[in-house]
Amino acid sequence: MTFMSRKSLFAGALAFGAALTVSQASAELRGWNIHVPDYPVSVAMDKFTSLVEENSGGSVTGKTYHGGVLGSQPDAINQLRIGGIDFAVFNMGPMGPIVPEANVVSLPFIFKDMDHMHRVMDGAFGDKMSTAMEDKGLVALAWYDSGARSFYNTVRPINTPADLDGLKFRVMNNELFVGMVESLGGNATPMAFAEVFQSLKTGVIDGAENNWPSYESTNHYEVAGYYSGSQHLILPECLCMSKLSWDKLSDGDKEIVKAAAVESATLQRELWAKRAVKSREIVEAGGITFNEIADKAPFQDAMAPVYEMAVTKTPILAEYIADIKAVD
Ligand code: GTR
């Protein structure tokens with residue numbers, strides 16, 4: 001064999017190797033996640049991909065890109081719909097602009113508590129929501145937890161709606177949340193999650209709202225030390241797959257993916273419960289001022305225009321609200 005032919009053989013082998021890598025890489029499902037790698041959502045998503053890989057004997061593989069490196073949630077929802085990313089865990093709050101039916105879970109105080117939310121989402125209502133999402137290209141595989149969201153800010157404790165007066169709060173991308181803050185007398189600005197820390201620090205906003213784990217994992221507690229237990233939103237999160245990616249799977253692989261998602265949700269809920277306690281301890285040790293809100297009725301009463309706005313825009317929500325209320 002001449003030097004030349006050995007060289008071309010080597011080049012051929014390299015090209016073959018590269019082609020393999022490319023095709024393997026394109027077969028790997030890409031997952032979007034906004035959270036840091038040790039967050040309950042992130043650990044559960046890693047469990048999901050490892051179960052899928054193991055149970056499919058490696059025919060389906062996936063990797064989750066944590067920390068929001070693939071962009072903000074509103075962009076990622078659109079990316080998922082067109083197959084730019086294959087799976088993701090989305091908070092249902094910013095889902096409303098794409099799936100109007102999803103706005104029902106973004107109605108403040110719609111769920112009595114976390115257990116009630118689980119009973120609703122794990123029952124027939126969850127299936128109804130999945131159907132609405134599938135019509136928009138999103139296959140809901142399982143429901144994750146994200147606790148209850150409360151207001152926090154840099155200025156003062158909130159005990160009554162009047163305490164929001166003159167304060168500017170970041171909200172997630174959904175006009176219902178703008179309505180929610182404005183109905184309480186505050187100002188609201190939709191903003192990407194990743195921008196909140198800097199905006200709190202520089203005074204672009206005075207506050208935001210979130211659950212204990214996100215308040216802690218983002219370090220927002222270091223710059224906005226008044227956390228008031230309004231618990232106005234209990235939002236489920238969805239482990240979703242792009243319908244385009246889902247439709248490419250064999251029936252057997254679909255079953256494997258679905259089962260892995262459900263198993264990962266069980267883990268996520270366990271991790272969530274522990275992290276909520278731990279995060280609260282961390283922020284309290286970090287010196288935040290927490291107050292319970294003794295009387296939540298004025299906050300709840302102020303939400304009437306938000307419910308009205310939602311139902312006027314999407315009349316079927318009247319039925320969905322009744323569905324949720326009918327679950328004990
Ligand atoms: C978190 C949630 C994220 C994101 C974030 C936010 O609690 O898990 O998906 O929605 O809140 O406020 O944007």
# chains A, B, ... in the order shown; residues from 1 in each chain; ligands from 1

$ residues_around --residues "range 59-73 of chain A" --least-positions-apart "5" --cutoff "10 Å" --atoms "only C-alpha atoms" --output "MDAnalysis selection string"
chainID A and resid 24:25 27:39 41:43 45:46 48:54 78:79 85:91 94:95 172:173 191:195 249 253 256:257

$ write_last_selection --atoms "N, CA and C atoms" --output "short mmCIF file (atom, residue, chain, number, x, y, z; two decimals), in the first residue's frame"
data_model
loop_
_atom_site.label_atom_id
_atom_site.label_comp_id
_atom_site.auth_asym_id
_atom_site.auth_seq_id
_atom_site.Cartn_x
_atom_site.Cartn_y
_atom_site.Cartn_z
N GLN A 24 -25.44 10.25 14.99
CA GLN A 24 -25.79 9.96 16.39
C GLN A 24 -26.29 11.23 17.08
N ALA A 25 -25.56 12.32 16.79
CA ALA A 25 -25.92 13.58 17.46
C ALA A 25 -27.33 13.99 17.06
N ALA A 27 -29.74 12.09 16.28
CA ALA A 27 -30.75 11.20 16.84
C ALA A 27 -30.97 11.50 18.33
N GLU A 28 -30.05 12.23 18.93
CA GLU A 28 -30.19 12.51 20.36
C GLU A 28 -31.23 13.61 20.57
N LEU A 29 -32.20 13.35 21.43
CA LEU A 29 -33.24 14.35 21.69
C LEU A 29 -32.64 15.48 22.52
N ARG A 30 -32.98 16.71 22.15
CA ARG A 30 -32.44 17.88 22.88
C ARG A 30 -33.49 18.43 23.82
N GLY A 31 -33.09 18.59 25.07
CA GLY A 31 -34.04 19.08 26.07
C GLY A 31 -33.70 20.46 26.59
N TRP A 32 -34.71 21.28 26.75
CA TRP A 32 -34.55 22.65 27.28
C TRP A 32 -34.94 22.68 28.75
N ASN A 33 -34.16 23.40 29.54
CA ASN A 33 -34.51 23.58 30.95
C ASN A 33 -33.96 24.91 31.43
N ILE A 34 -34.76 25.64 32.17
CA ILE A 34 -34.35 26.97 32.63
C ILE A 34 -33.49 26.91 33.90
N HIS A 35 -33.55 25.77 34.62
CA HIS A 35 -32.97 25.74 35.96
C HIS A 35 -31.53 25.24 36.03
N VAL A 36 -30.87 25.59 37.17
CA VAL A 36 -29.50 25.13 37.44
C VAL A 36 -29.51 23.60 37.61
N PRO A 37 -28.36 22.96 37.38
CA PRO A 37 -28.33 21.48 37.33
C PRO A 37 -28.77 20.75 38.60
N ASP A 38 -28.66 21.37 39.79
CA ASP A 38 -29.05 20.61 40.99
C ASP A 38 -30.51 20.86 41.39
N TYR A 39 -31.27 21.58 40.58
CA TYR A 39 -32.67 21.89 40.89
C TYR A 39 -33.54 20.63 40.70
N VAL A 41 -36.25 20.00 39.16
CA VAL A 41 -36.66 19.81 37.75
C VAL A 41 -35.50 19.20 36.96
N SER A 42 -34.30 19.74 37.20
CA SER A 42 -33.13 19.32 36.41
C SER A 42 -32.76 17.88 36.70
N VAL A 43 -32.73 17.53 38.00
CA VAL A 43 -32.37 16.16 38.38
C VAL A 43 -33.39 15.18 37.79
N MET A 45 -35.23 15.64 35.10
CA MET A 45 -35.08 15.56 33.64
C MET A 45 -33.91 14.64 33.28
N ASP A 46 -32.85 14.69 34.09
CA ASP A 46 -31.71 13.78 33.84
C ASP A 46 -32.14 12.33 34.07
N PHE A 48 -35.15 11.23 33.61
CA PHE A 48 -35.99 10.93 32.44
C PHE A 48 -35.13 10.44 31.27
N THR A 49 -34.08 11.18 30.93
CA THR A 49 -33.26 10.78 29.77
C THR A 49 -32.51 9.48 30.05
N SER A 50 -32.06 9.30 31.31
CA SER A 50 -31.33 8.06 31.54
C SER A 50 -32.27 6.86 31.51
N LEU A 51 -33.50 7.01 31.98
CA LEU A 51 -34.48 5.91 31.88
C LEU A 51 -34.81 5.59 30.43
N VAL A 52 -34.98 6.65 29.64
CA VAL A 52 -35.32 6.44 28.22
C VAL A 52 -34.19 5.67 27.53
N GLU A 53 -32.98 6.11 27.79
CA GLU A 53 -31.83 5.47 27.14
C GLU A 53 -31.72 4.01 27.57
N GLU A 54 -31.85 3.79 28.88
CA GLU A 54 -31.72 2.43 29.42
C GLU A 54 -32.82 1.52 28.87
N ASN A 78 -41.96 28.03 21.49
CA ASN A 78 -42.07 28.07 20.03
C ASN A 78 -41.09 27.12 19.36
N GLN A 79 -39.87 27.07 19.89
CA GLN A 79 -38.86 26.15 19.35
C GLN A 79 -39.35 24.70 19.42
N ILE A 85 -36.24 22.13 19.41
CA ILE A 85 -35.86 21.33 20.57
C ILE A 85 -36.92 20.24 20.72
N ASP A 86 -36.53 19.15 21.38
CA ASP A 86 -37.42 17.99 21.39
C ASP A 86 -38.27 17.85 22.65
N PHE A 87 -37.70 18.24 23.79
CA PHE A 87 -38.48 18.12 25.02
C PHE A 87 -38.07 19.23 25.98
N ALA A 88 -38.90 19.48 26.98
CA ALA A 88 -38.64 20.59 27.90
C ALA A 88 -39.55 20.46 29.11
N VAL A 89 -39.17 21.12 30.19
CA VAL A 89 -40.12 21.29 31.30
C VAL A 89 -40.50 22.76 31.32
N PHE A 90 -41.77 23.01 31.05
CA PHE A 90 -42.29 24.37 31.01
C PHE A 90 -43.21 24.63 32.19
N ASN A 91 -43.05 25.82 32.77
CA ASN A 91 -44.04 26.27 33.73
C ASN A 91 -45.30 26.61 32.93
N PRO A 94 -46.43 30.77 31.52
CA PRO A 94 -46.23 31.39 30.20
C PRO A 94 -46.74 30.54 29.03
N MET A 95 -47.55 29.54 29.32
CA MET A 95 -48.10 28.69 28.27
C MET A 95 -49.36 29.34 27.66
N MET A 172 -44.15 36.73 34.88
CA MET A 172 -43.86 35.87 33.74
C MET A 172 -44.68 36.35 32.54
N ASN A 173 -44.28 35.87 31.37
CA ASN A 173 -44.88 36.34 30.13
C ASN A 173 -46.33 35.86 29.95
N MET A 191 -41.00 39.88 32.03
CA MET A 191 -39.54 39.86 31.85
C MET A 191 -39.07 38.41 31.89
N ALA A 192 -37.99 38.12 31.17
CA ALA A 192 -37.43 36.76 31.20
C ALA A 192 -36.84 36.48 32.58
N PHE A 193 -36.93 35.25 32.99
CA PHE A 193 -36.44 34.79 34.30
C PHE A 193 -34.98 35.20 34.51
N ALA A 194 -34.18 35.03 33.47
CA ALA A 194 -32.73 35.26 33.59
C ALA A 194 -32.39 36.73 33.86
N GLU A 195 -33.32 37.64 33.57
CA GLU A 195 -33.01 39.07 33.74
C GLU A 195 -33.41 39.61 35.09
N LEU A 249 -41.29 8.70 16.89
CA LEU A 249 -40.98 7.53 17.71
C LEU A 249 -41.87 6.34 17.33
N ASP A 253 -41.31 2.83 21.57
CA ASP A 253 -40.51 3.91 22.15
C ASP A 253 -41.40 4.97 22.81
N ILE A 256 -42.11 3.77 26.20
CA ILE A 256 -40.92 3.91 27.05
C ILE A 256 -40.75 5.36 27.50
N VAL A 257 -40.93 6.28 26.56
CA VAL A 257 -40.75 7.71 26.86
C VAL A 257 -41.82 8.17 27.86
#

$ residues_around --residues "range 221-223 of chain A" --least-positions-apart "3" --cutoff "9 Å" --atoms "only C-alpha atoms" --output "compact mmCIF listing (two decimals) with N, CA and C atoms, in the first residue's frame"
# COMPACT_ATOMS: atom_id res chain seq x y z
N TYR A 152 -42.18 38.90 46.49
CA TYR A 152 -41.04 39.39 47.27
C TYR A 152 -40.56 40.71 46.65
N ASN A 153 -39.95 41.53 47.48
CA ASN A 153 -39.50 42.82 46.96
C ASN A 153 -38.39 43.42 47.81
N THR A 154 -37.88 44.54 47.33
CA THR A 154 -36.73 45.17 47.98
C THR A 154 -37.15 46.24 48.99
N PHE A 197 -32.61 38.95 38.34
CA PHE A 197 -31.64 39.27 39.38
C PHE A 197 -31.04 40.67 39.16
N LEU A 200 -33.52 43.49 39.67
CA LEU A 200 -33.79 43.79 41.09
C LEU A 200 -32.61 44.58 41.67
N LYS A 201 -31.43 44.15 41.30
CA LYS A 201 -30.22 44.75 41.85
C LYS A 201 -30.08 46.22 41.44
N TYR A 215 -36.64 31.36 44.37
CA TYR A 215 -36.19 32.56 45.09
C TYR A 215 -34.76 32.33 45.61
N GLU A 216 -34.52 31.10 46.01
CA GLU A 216 -33.18 30.77 46.54
C GLU A 216 -32.18 30.48 45.42
N SER A 217 -32.55 29.61 44.46
CA SER A 217 -31.56 29.14 43.46
C SER A 217 -31.05 30.28 42.58
N THR A 218 -31.85 31.32 42.42
CA THR A 218 -31.48 32.46 41.57
C THR A 218 -30.75 33.55 42.35
N TYR A 226 -37.63 41.02 51.29
CA TYR A 226 -38.96 40.89 51.91
C TYR A 226 -39.78 39.86 51.14
N TYR A 227 -40.04 38.73 51.77
CA TYR A 227 -40.83 37.66 51.11
C TYR A 227 -42.13 37.48 51.89
N VAL A 283 -32.69 30.72 52.73
CA VAL A 283 -32.95 32.16 52.59
C VAL A 283 -33.20 32.80 53.96
N GLY A 286 -30.06 33.34 55.43
CA GLY A 286 -29.41 34.43 54.68
C GLY A 286 -29.92 35.81 55.09
N GLY A 287 -30.91 35.84 55.98
CA GLY A 287 -31.34 37.12 56.55
C GLY A 287 -32.57 37.76 55.94
N ILE A 288 -33.36 37.01 55.18
CA ILE A 288 -34.57 37.64 54.61
C ILE A 288 -35.62 37.87 55.70

$ residues_around --residues "Lys112 in chain A" --least-positions-apart "6" --cutoff "10 Å" --atoms "only C-alpha atoms" --output "PDB file with N, CA and C atoms, in the first residue's frame"
ATOM      1  N   LEU A 233     -50.273  31.841  43.366  1.00  0.00           N
ATOM      2  CA  LEU A 233     -50.307  30.958  42.193  1.00  0.00           C
ATOM      3  C   LEU A 233     -49.725  29.603  42.541  1.00  0.00           C
ATOM      4  N   ILE A 234     -50.442  28.547  42.202  1.00  0.00           N
ATOM      5  CA  ILE A 234     -49.895  27.193  42.320  1.00  0.00           C
ATOM      6  C   ILE A 234     -49.894  26.649  40.896  1.00  0.00           C
ATOM      7  N   ILE A 324     -62.332  22.411  37.687  1.00  0.00           N
ATOM      8  CA  ILE A 324     -61.336  22.429  38.784  1.00  0.00           C
ATOM      9  C   ILE A 324     -62.049  22.530  40.133  1.00  0.00           C
ATOM     10  N   LYS A 325     -63.063  23.384  40.163  1.00  0.00           N
ATOM     11  CA  LYS A 325     -63.785  23.566  41.440  1.00  0.00           C
ATOM     12  C   LYS A 325     -64.529  22.286  41.848  1.00  0.00           C
ATOM     13  N   ASP A 328     -62.595  17.796  44.534  1.00  0.00           N
ATOM     14  CA  ASP A 328     -62.541  18.110  45.967  1.00  0.00           C
ATOM     15  C   ASP A 328     -61.123  18.325  46.477  1.00  0.00           C
TER      16      ASP A 328
END

$ residues_around --residues "Val327 in chain A" --least-positions-apart "5" --cutoff "8 Å" --atoms "only C-alpha atoms" --output "list in words"
His116, Arg119 and Val120 of chain A

$ write_last_selection --atoms "N, CA and C atoms" --output "PDB file, in the first residue's frame"
ATOM      1  N   HIS A 116     -54.520  19.592  46.034  1.00  0.00           N
ATOM      2  CA  HIS A 116     -55.662  19.814  45.145  1.00  0.00           C
ATOM      3  C   HIS A 116     -55.174  19.904  43.690  1.00  0.00           C
ATOM      4  N   ARG A 119     -54.506  16.462  42.465  1.00  0.00           N
ATOM      5  CA  ARG A 119     -55.726  15.693  42.172  1.00  0.00           C
ATOM      6  C   ARG A 119     -56.321  16.133  40.836  1.00  0.00           C
ATOM      7  N   VAL A 120     -56.263  17.442  40.589  1.00  0.00           N
ATOM      8  CA  VAL A 120     -56.820  17.963  39.331  1.00  0.00           C
ATOM      9  C   VAL A 120     -55.978  17.518  38.138  1.00  0.00           C
TER      10      VAL A 120
END

$ atom_distance --atom1 "CA of Lys243 in chain A" --atom2 "CA of Lys136 in chain A"
8.6 Å

$ residues_around --residues "Trp212 in chain A" --least-positions-apart "4" --cutoff "6 Å" --atoms "only C-alpha atoms" --output "list in words"
Ala276, Ser279 and Arg280 of chain A

$ write_last_selection --atoms "N, CA and C atoms" --output "compact mmCIF listing (two decimals), in the first residue's frame"
# COMPACT_ATOMS: atom_id res chain seq x y z
N ALA A 276 -38.10 22.55 48.82
CA ALA A 276 -38.87 23.71 49.28
C ALA A 276 -38.51 24.02 50.73
N SER A 279 -34.70 25.24 50.79
CA SER A 279 -34.53 26.59 50.24
C SER A 279 -35.02 27.64 51.22
N ARG A 280 -36.12 27.34 51.88
CA ARG A 280 -36.63 28.30 52.86
C ARG A 280 -35.62 28.48 53.98

$ residues_around --residues "Met129 in chain A" --least-positions-apart "2" --cutoff "10 Å" --atoms "only C-alpha atoms" --output "MDAnalysis selection string"
chainID A and resid 99 101:102 104:105 121 124:127 131:134 140 320

$ closest_residue --among "A:Ile158, A:Leu235, A:Met241, A:Met114" --to "Asp295 in chain A" --atoms "only C-alpha atoms"
A:Ile158

$ select_by_dssp --residues "range 173-324 of chain A" --states "strand (DSSP E)" --output "count of residues only"
27

$ closest_residue --among "A:Leu141, A:Ala326, A:Leu244, A:Val196" --to "ligand 1" --atoms "only C-alpha atoms and all ligand atoms"
A:Val196

$ select_by_dssp --residues "range 53-234 of chain A" --states "helix (DSSP H, G or I)" --output "NGL selection string"
:A and (53-55 or 73-81 or 93-95 or 100-106 or 114-121 or 124-134 or 161-164 or 175-183 or 193-201 or 212-217 or 220-223)

$ closest_residue --among "A:Glu270, A:Glu237, A:Glu292, A:Glu281" --to "ligand 1" --atoms "only C-alpha atoms and all ligand atoms"
A:Glu237

$ decode --residues "range 185-277 of chain A" --atoms "C-alpha atoms" --output "short mmCIF file (atom, residue, chain, number, x, y, z; two decimals), in the first residue's frame"
data_model
loop_
_atom_site.label_atom_id
_atom_site.label_comp_id
_atom_site.auth_asym_id
_atom_site.auth_seq_id
_atom_site.Cartn_x
_atom_site.Cartn_y
_atom_site.Cartn_z
CA GLY A 185 -52.59 48.10 42.82
CA GLY A 186 -48.99 47.44 41.79
CA ASN A 187 -47.19 47.88 38.48
CA ALA A 188 -46.15 44.88 36.43
CA THR A 189 -43.64 44.18 33.73
CA PRO A 190 -43.20 40.85 31.93
CA MET A 191 -39.54 39.86 31.85
CA ALA A 192 -37.43 36.76 31.20
CA PHE A 193 -36.44 34.79 34.30
CA ALA A 194 -32.73 35.26 33.59
CA GLU A 195 -33.01 39.07 33.74
CA VAL A 196 -34.70 39.33 37.12
CA PHE A 197 -31.64 39.27 39.38
CA GLN A 198 -29.90 42.16 37.64
CA SER A 199 -33.14 44.13 37.37
CA LEU A 200 -33.79 43.79 41.09
CA LYS A 201 -30.22 44.75 41.85
CA THR A 202 -30.25 47.86 39.71
CA GLY A 203 -33.75 48.94 40.74
CA VAL A 204 -35.33 48.47 37.29
CA ILE A 205 -37.95 46.52 39.24
CA ASP A 206 -38.78 46.44 42.96
CA GLY A 207 -39.98 42.89 43.19
CA ALA A 208 -41.05 39.65 41.62
CA GLU A 209 -42.92 36.54 42.69
CA ASN A 210 -41.84 32.94 42.90
CA ASN A 211 -41.67 29.80 45.02
CA TRP A 212 -39.02 29.22 47.72
CA PRO A 213 -36.67 27.11 45.56
CA SER A 214 -36.49 29.62 42.69
CA TYR A 215 -36.19 32.56 45.09
CA GLU A 216 -33.18 30.77 46.54
CA SER A 217 -31.56 29.14 43.46
CA THR A 218 -31.48 32.46 41.57
CA ASN A 219 -30.09 34.39 44.58
CA HIS A 220 -32.97 36.84 44.29
CA TYR A 221 -33.20 36.66 48.08
CA GLU A 222 -29.84 38.40 48.34
CA VAL A 223 -31.22 41.51 46.66
CA ALA A 224 -34.94 41.41 47.51
CA GLY A 225 -35.23 40.51 51.18
CA TYR A 226 -38.96 40.89 51.91
CA TYR A 227 -40.83 37.66 51.11
CA SER A 228 -44.55 37.69 51.87
CA GLY A 229 -46.56 34.46 51.86
CA SER A 230 -49.30 35.36 49.40
CA GLN A 231 -49.19 31.94 47.69
CA HIS A 232 -51.31 33.41 44.93
CA LEU A 233 -50.31 30.96 42.19
CA ILE A 234 -49.89 27.19 42.32
CA LEU A 235 -48.68 26.38 38.84
CA PRO A 236 -47.97 22.90 37.57
CA GLU A 237 -45.06 22.40 35.19
CA CYS A 238 -45.20 20.16 32.15
CA LEU A 239 -42.61 17.74 30.88
CA CYS A 240 -43.51 18.18 27.24
CA MET A 241 -42.29 16.76 23.99
CA SER A 242 -42.50 18.32 20.57
CA LYS A 243 -45.31 16.60 18.65
CA LEU A 244 -42.97 16.45 15.64
CA SER A 245 -40.37 14.52 17.68
CA TRP A 246 -43.03 12.36 19.34
CA ASP A 247 -44.52 11.33 16.00
CA LYS A 248 -41.12 10.06 14.86
CA LEU A 249 -40.98 7.53 17.71
CA SER A 250 -42.13 3.93 17.27
CA ASP A 251 -45.13 2.85 19.37
CA GLY A 252 -42.80 0.92 21.67
CA ASP A 253 -40.51 3.91 22.15
CA LYS A 254 -43.51 6.15 22.86
CA GLU A 255 -44.47 3.84 25.71
CA ILE A 256 -40.92 3.91 27.05
CA VAL A 257 -40.75 7.71 26.86
CA LYS A 258 -44.13 8.17 28.53
CA ALA A 259 -43.32 5.74 31.36
CA ALA A 260 -39.95 7.40 31.93
CA ALA A 261 -41.65 10.79 32.11
CA VAL A 262 -44.17 9.60 34.68
CA GLU A 263 -41.42 8.00 36.77
CA SER A 264 -39.34 11.17 36.60
CA ALA A 265 -42.34 13.17 37.82
CA THR A 266 -42.64 10.98 40.90
CA LEU A 267 -38.99 11.68 41.67
CA GLN A 268 -39.40 15.39 40.91
CA ARG A 269 -42.29 15.74 43.36
CA GLU A 270 -40.29 14.05 46.13
CA LEU A 271 -37.26 16.22 45.45
CA TRP A 272 -39.48 19.28 45.27
CA ALA A 273 -40.96 18.78 48.72
CA LYS A 274 -37.47 18.48 50.23
CA ARG A 275 -36.02 21.38 48.30
CA ALA A 276 -38.87 23.71 49.28
CA VAL A 277 -38.00 23.17 52.96
#
